[in-house]
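Below: the structure, in structure tokens.
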Amino acid sequence: MLHKKKFMIAALVACGATSIAIAEQYVDYVPQSGLWEINAIEVDPNHVDDYLTGLRKSQVPGFEVMKKHGIIDDYKFMVRNGYNKSAPSVLIMIHYTSAAMLEPDKARDQMIEKEILAKFSKKDGDAAVAGYEKYRQFIDDGLWTEVKMVR
């Protein structure tokens with residue numbers, strides 16, 4: 001019986017490895033340009049609205065400036081329906097037009113920072129995020145490449 005179970009597990013692993021090996025980039029799927037930066041945050045369920053309100057004030061103006069200058073072309077906020085302890089309940093998703101936009105560019109970066117601070121001062125930013133540490137915890141921050149499946 002144990003030998004049969006080991007054989008079945010080995011067969012399943014082999015099938016999984018085979019299916020991964022046959023997928024071909026640009027044949028089965030096509031990587032899309034740009035990168036998504038996705039921040040996954042666990043927010044106490046009683047404070048999700050507070051957190052979203054703070055993000056609207058503190059993040060959206062900066063994202064709009066970055067969008068105007070072609071650094072990003074999209075951003076999204078996603079909220080989980082339901083709660084699971086130690087799991088993200090809010091996702092902040094920012095789409096960079098290319099990986100090159102993550103490279104430092106002193107003139108561009110200082111210009112954008114100045115423009116953002118003109119819309120939303122550091123003092124306003126500090127006030128908007130005051131108290132976040134009491135009800136939020138960062139779970140993950142990663143760069144993701146979107147892929148489209150070929151039909």
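Ordering of the structure tokens sets the chain letters (A, B, ...); residue numbers start at 1 within each chain; ligands are numbered from 1 in the order shown.
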Identify, on the basis of only C-alpha atoms, every residue whose closest approach to Leu35 in chain A does not exceed 7 Å; exclude the query and any residue fewer than 6 positions from it along the same chain; express the result as a CSV table (one decimal) with N, CA and C atoms, in the first residue's frame.
```csv
chain,number,residue,atom,x,y,z
A,95,HIS,N,0.7,50.3,-11.4
A,95,HIS,CA,1.3,49.7,-12.7
A,95,HIS,C,2.3,50.7,-13.2
A,96,TYR,N,3.6,50.3,-13.2
A,96,TYR,CA,4.7,51.1,-13.8
A,96,TYR,C,4.7,50.8,-15.3
A,97,THR,N,4.9,51.8,-16.1
A,97,THR,CA,4.8,51.7,-17.6
A,97,THR,C,6.0,50.8,-18.1
A,98,SER,N,7.1,50.8,-17.3
A,98,SER,CA,8.2,49.9,-17.7
A,98,SER,C,9.1,49.7,-16.4
A,99,ALA,N,9.9,48.7,-16.5
A,99,ALA,CA,10.8,48.5,-15.3
A,99,ALA,C,11.8,49.7,-15.2
A,143,LEU,N,6.9,42.9,-6.9
A,143,LEU,CA,6.8,43.3,-8.3
A,143,LEU,C,6.2,42.2,-9.1
A,144,TRP,N,5.2,42.4,-9.9
A,144,TRP,CA,4.5,41.3,-10.6
A,144,TRP,C,4.5,41.7,-12.1
A,145,THR,N,4.6,40.7,-12.9
A,145,THR,CA,4.4,40.9,-14.4
A,145,THR,C,3.1,40.2,-14.8
```
Q. Which polymer residues have any atom within 12 Å of an atom of Lys134 in chain A, counting only C-alpha atoms, with same-chain residues fewer than 6 positions away left out, as a ChimeraX atom specification?
A. /A:42-44,46-47,50-51
(Q) Can you pull out the residues contacting Glu64 in chain A? Cut-off 10 Å, using only C-alpha atoms, and skip same-chain residues under 4 positions away; I want them as a PyMOL selection string. (A) chain A and resi 59-60+68-75+116
Once you have the residues from the selection above, write them out as a compact mmCIF listing (two decimals), in the first residue's frame, restricted to N, CA and C atoms.
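Just written: out11.txt:
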```txt
# COMPACT_ATOMS: atom_id res chain seq x y z
N GLN A 59 -2.26 58.94 -0.85
CA GLN A 59 -1.66 58.22 -1.98
C GLN A 59 -2.16 58.68 -3.34
N VAL A 60 -3.45 58.90 -3.46
CA VAL A 60 -4.02 59.21 -4.77
C VAL A 60 -3.39 60.46 -5.40
N LYS A 68 0.53 61.49 -14.55
CA LYS A 68 0.67 62.64 -15.46
C LYS A 68 2.04 62.66 -16.12
N HIS A 69 3.06 62.19 -15.41
CA HIS A 69 4.43 62.20 -15.94
C HIS A 69 4.83 60.87 -16.59
N GLY A 70 3.88 59.94 -16.73
CA GLY A 70 4.16 58.70 -17.45
C GLY A 70 4.94 57.66 -16.66
N ILE A 71 5.11 57.86 -15.37
CA ILE A 71 5.81 56.88 -14.54
C ILE A 71 4.92 55.64 -14.37
N ILE A 72 3.65 55.90 -14.06
CA ILE A 72 2.67 54.83 -13.94
C ILE A 72 1.54 55.12 -14.90
N ASP A 73 0.77 54.09 -15.24
CA ASP A 73 -0.39 54.33 -16.10
C ASP A 73 -1.68 53.82 -15.47
N ASP A 74 -1.57 53.22 -14.29
CA ASP A 74 -2.77 52.73 -13.62
C ASP A 74 -2.46 52.47 -12.15
N TYR A 75 -3.47 52.54 -11.34
CA TYR A 75 -3.36 52.14 -9.93
C TYR A 75 -4.73 51.68 -9.48
N ILE A 116 4.29 66.65 -5.91
CA ILE A 116 3.42 65.94 -4.96
C ILE A 116 3.29 66.74 -3.67
```
**Q.** Picked from range 70-137 of chain A by DSSP as helix (DSSP H, G or I), as a PyMOL selection string
**A.** chain A and resi 99-102+106-119+122-129+132-135
Q) Between A:Pro45, A:Gly131, A:Gly62, A:Gly34, which one has atoms that come closest to Leu117 in chain A, using only C-alpha atoms? A)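 Of A:Pro45, A:Gly131, A:Gly62, A:Gly34, the one nearest Leu117 in chain A is A:Gly62, counting only C-alpha atoms.
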Q: Would you mind writing down, as a PyMOL selection string, each residue of chain A that DSSP on the backbone assigns to strand (DSSP E)?
A: chain A and resi 29-31+35-43+72-79+90-96+136-144+147-149
**Q.** Among listed residues A:Glu24, A:Glu37, A:Glu115, A:Asp49, nearest Asp141 in chain A (using only C-alpha atoms)
**A.**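 Result for the nearest residue to Asp141 in chain A: A:Glu37.
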Q) Quick one: residues within 10 Å of range 118-124 of chain A, only C-alpha atoms counted, chain neighbours fewer than 3 positions away excluded, as a VMD selection string? A) chain A and resid 57 to 59 61 to 62 65 112 to 115 127 to 130
